[in-house]
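Listing of entry_24.cif, mmCIF, C-alpha atoms
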data_target
loop_
_atom_site.group_PDB
_atom_site.id
_atom_site.type_symbol
_atom_site.label_atom_id
_atom_site.label_comp_id
_atom_site.auth_asym_id
_atom_site.auth_seq_id
_atom_site.Cartn_x
_atom_site.Cartn_y
_atom_site.Cartn_z
ATOM 1 C CA MET D 1 -30.287 -7.740 -9.505
ATOM 2 C CA LYS D 2 -28.556 -10.841 -10.809
ATOM 3 C CA GLN D 3 -26.478 -12.797 -8.342
ATOM 4 C CA SER D 4 -23.203 -12.182 -10.255
ATOM 5 C CA ALA D 5 -23.811 -8.411 -10.380
ATOM 6 C CA ARG D 6 -24.591 -8.393 -6.663
ATOM 7 C CA LEU D 7 -21.345 -10.272 -5.909
ATOM 8 C CA VAL D 8 -19.328 -7.767 -7.941
ATOM 9 C CA GLN D 9 -20.960 -4.857 -6.094
ATOM 10 C CA GLU D 10 -20.328 -6.467 -2.702
ATOM 11 C CA SER D 11 -16.703 -7.095 -3.668
ATOM 12 C CA LYS D 12 -16.212 -3.438 -4.648
ATOM 13 C CA GLU D 13 -17.773 -2.268 -1.392
ATOM 14 C CA SER D 14 -15.498 -4.616 0.549
ATOM 15 C CA LEU D 15 -12.417 -3.211 -1.206
ATOM 16 C CA VAL D 16 -13.443 0.363 -0.405
ATOM 17 C CA ARG D 17 -14.009 -0.553 3.263
ATOM 18 C CA SER D 18 -10.580 -2.211 3.423
ATOM 19 C CA PHE D 19 -8.934 0.795 1.806
ATOM 20 C CA MET D 20 -10.621 3.178 4.239
ATOM 21 C CA GLN D 21 -9.127 1.216 7.144
ATOM 22 C CA LEU D 22 -5.538 1.926 6.062
ATOM 23 C CA PRO D 23 -3.662 4.498 8.163
ATOM 24 C CA LEU D 24 -4.371 7.998 6.831
ATOM 25 C CA ASP D 25 -0.694 8.952 6.466
ATOM 26 C CA ILE D 26 -0.124 5.952 4.165
ATOM 27 C CA VAL D 27 -3.194 6.780 2.068
ATOM 28 C CA LEU D 28 -2.102 10.420 1.725
ATOM 29 C CA GLU D 29 1.413 9.410 0.712
ATOM 30 C CA MET D 30 -0.004 7.122 -1.985
ATOM 31 C CA PHE D 31 -2.326 9.877 -3.222
ATOM 32 C CA CYS D 32 0.639 12.286 -3.602
ATOM 33 C CA HIS D 33 2.154 9.939 -6.194
ATOM 34 C CA LEU D 34 -0.986 9.566 -8.303
ATOM 35 C CA HIS D 35 -1.875 11.579 -11.391
ATOM 36 C CA PRO D 36 -4.643 14.168 -10.782
ATOM 37 C CA ARG D 37 -6.815 12.243 -13.272
ATOM 38 C CA THR D 38 -6.544 9.207 -10.990
ATOM 39 C CA LEU D 39 -7.389 11.241 -7.876
ATOM 40 C CA LEU D 40 -10.443 12.530 -9.702
ATOM 41 C CA ALA D 41 -11.476 8.960 -10.574
ATOM 42 C CA ILE D 42 -10.960 7.857 -6.962
ATOM 43 C CA SER D 43 -13.194 10.684 -5.785
ATOM 44 C CA ARG D 44 -15.990 9.160 -7.847
ATOM 45 C CA THR D 45 -15.808 5.605 -6.536
ATOM 46 C CA SER D 46 -17.711 6.017 -3.263
ATOM 47 C CA LYS D 47 -19.185 8.652 -0.980
ATOM 48 C CA GLU D 48 -16.519 7.965 1.633
ATOM 49 C CA LEU D 49 -13.612 8.333 -0.774
ATOM 50 C CA ARG D 50 -15.205 11.414 -2.336
ATOM 51 C CA ALA D 51 -15.434 13.074 1.067
ATOM 52 C CA MET D 52 -11.816 12.163 1.805
ATOM 53 C CA VAL D 53 -10.281 13.143 -1.542
ATOM 54 C CA LEU D 54 -12.223 16.402 -1.881
ATOM 55 C CA SER D 55 -11.563 17.487 1.699
ATOM 56 C CA ARG D 56 -9.891 20.903 1.946
ATOM 57 C CA ARG D 57 -7.294 19.256 4.190
ATOM 58 C CA LEU D 58 -6.013 17.403 1.121
ATOM 59 C CA ALA D 59 -5.280 20.519 -0.960
ATOM 60 C CA GLY D 60 -1.552 19.845 -0.518
ATOM 61 C CA VAL D 61 -1.965 16.294 -1.794
ATOM 62 C CA TRP D 62 -3.624 17.581 -4.964
ATOM 63 C CA SER D 63 -0.791 20.102 -5.450
ATOM 64 C CA LYS D 64 1.898 17.431 -5.061
ATOM 65 C CA SER D 65 0.013 15.158 -7.432
ATOM 66 C CA ARG D 66 -0.224 17.924 -10.029
ATOM 67 C CA GLU D 67 3.418 18.983 -9.665
ATOM 68 C CA GLY D 68 4.663 15.396 -9.956
ATOM 69 C CA SER D 69 2.606 14.890 -13.107
ATOM 70 C CA GLY D 70 3.724 18.014 -14.933
ATOM 71 C CA VAL D 71 0.210 19.465 -15.003
ATOM 72 C CA PRO D 72 0.169 23.303 -15.082
ATOM 73 C CA GLU D 73 -0.971 25.298 -12.056
ATOM 74 C CA PRO D 74 -4.657 26.112 -11.813
ATOM 75 C CA PRO D 75 -5.731 29.654 -12.651
ATOM 76 C CA ALA D 76 -6.643 32.018 -9.833
ATOM 77 C CA GLY D 77 -9.956 31.053 -8.276
ATOM 78 C CA PHE D 78 -9.739 27.362 -9.233
ATOM 79 C CA SER D 79 -9.294 24.674 -6.608
ATOM 80 C CA GLU D 80 -6.996 21.789 -7.483
ATOM 81 C CA PRO D 81 -9.892 19.277 -7.810
ATOM 82 C CA ARG D 82 -11.902 21.696 -9.952
ATOM 83 C CA TRP D 83 -8.879 22.275 -12.204
ATOM 84 C CA ALA D 84 -8.338 18.519 -12.561
ATOM 85 C CA SER D 85 -11.999 18.093 -13.432
ATOM 86 C CA LEU D 86 -11.794 20.763 -16.114
ATOM 87 C CA LEU D 87 -8.677 19.194 -17.640
ATOM 88 C CA PHE D 88 -9.477 15.513 -17.399
ATOM 89 C CA ASP D 89 -13.227 15.015 -17.069
ATOM 90 C CA THR D 90 -14.339 13.283 -20.242
ATOM 91 C CA ARG D 91 -17.999 13.619 -19.317
ATOM 92 C CA ARG D 92 -18.030 17.363 -19.964
ATOM 93 C CA CYS D 93 -19.378 18.822 -23.172
ATOM 94 C CA GLN D 94 -16.711 20.011 -25.568
ATOM 95 C CA VAL D 95 -17.102 22.720 -28.185
ATOM 96 C CA ARG D 96 -16.138 21.662 -31.683
ATOM 97 C CA MET D 97 -14.798 24.111 -34.201
ATOM 98 C CA HIS D 98 -16.507 23.879 -37.584
ATOM 99 C CA LYS D 99 -14.983 25.156 -40.801
ATOM 100 C CA GLN D 100 -16.835 28.085 -42.238
ATOM 101 C CA ARG D 101 -18.287 27.610 -45.666
ATOM 102 C CA SER D 102 -17.000 30.008 -48.276
#

How does this structure look as structure tokens?
Amino acid sequence: MKQSARLVQESKESLVRSFMQLPLDIVLEMFCHLHPRTLLAISRTSKELRAMVLSRRLAGVWSKSREGSGVPEPPAGFSEPRWASLLFDTRRCQVRMHKQRS
């Protein structure tokens, strides 16, 4: 790995460690004001943040995030994170409608 790439990686890891040291109530309050798309992105930045953001204890945070963003409620059987993933995950395959030839 090049030295510059290694420095960038170390810097990112340092930021995540610093963030994880913030008091939990402050982190949760910040998360409530984020868009669900942003919460989804945060859940993909590190194993530690993924575990935190996808914890069942944070279901209320996801709901507040969704309500504050004007995103519709998830259908029955969908968790808030799963619903956000379905709506905002750009990595998923999308079906394209093709015009029928006449």

TODO: Can you pull out every residue within 10 Å of Trp83 in chain D, counting all atoms listed in the file, but drop anything in the same chain fewer than 5 positions away, and send it as a PyMOL selection string?
DONE: chain D and resi 36+66+71-75+77-78+88-89

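Take CA of Val53 in chain D and CA of Thr90 in chain D: the distance between them is 19.1 Å.
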
Open item on the list: Ranking D:Ser46, D:Glu29, D:Gly70, D:Ser63 by minimum distance to Gln9 in chain D and counting all atoms listed in the file, which one comes first?
Closed with: D:Ser46

Task: Spatial neighbours of Met30 in chain D, max dist 12 Å, all atoms listed in the file, sep filter under 2 positions, as a list in words - done: Phe19, Leu22, Pro23, Leu24, Asp25, Ile26, Val27, Leu28, Cys32, His33, Leu34, His35, Thr38, Leu39, Val53, Val61, Trp62, Lys64 and Ser65 of chain D

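Note that the spacing between CA of Ala59 in chain D and CA of Ser79 in chain D amounts to 8.1 Å.
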
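When CA of Glu13 in chain D is paired with CA of Pro81 in chain D, their separation reads 23.8 Å.
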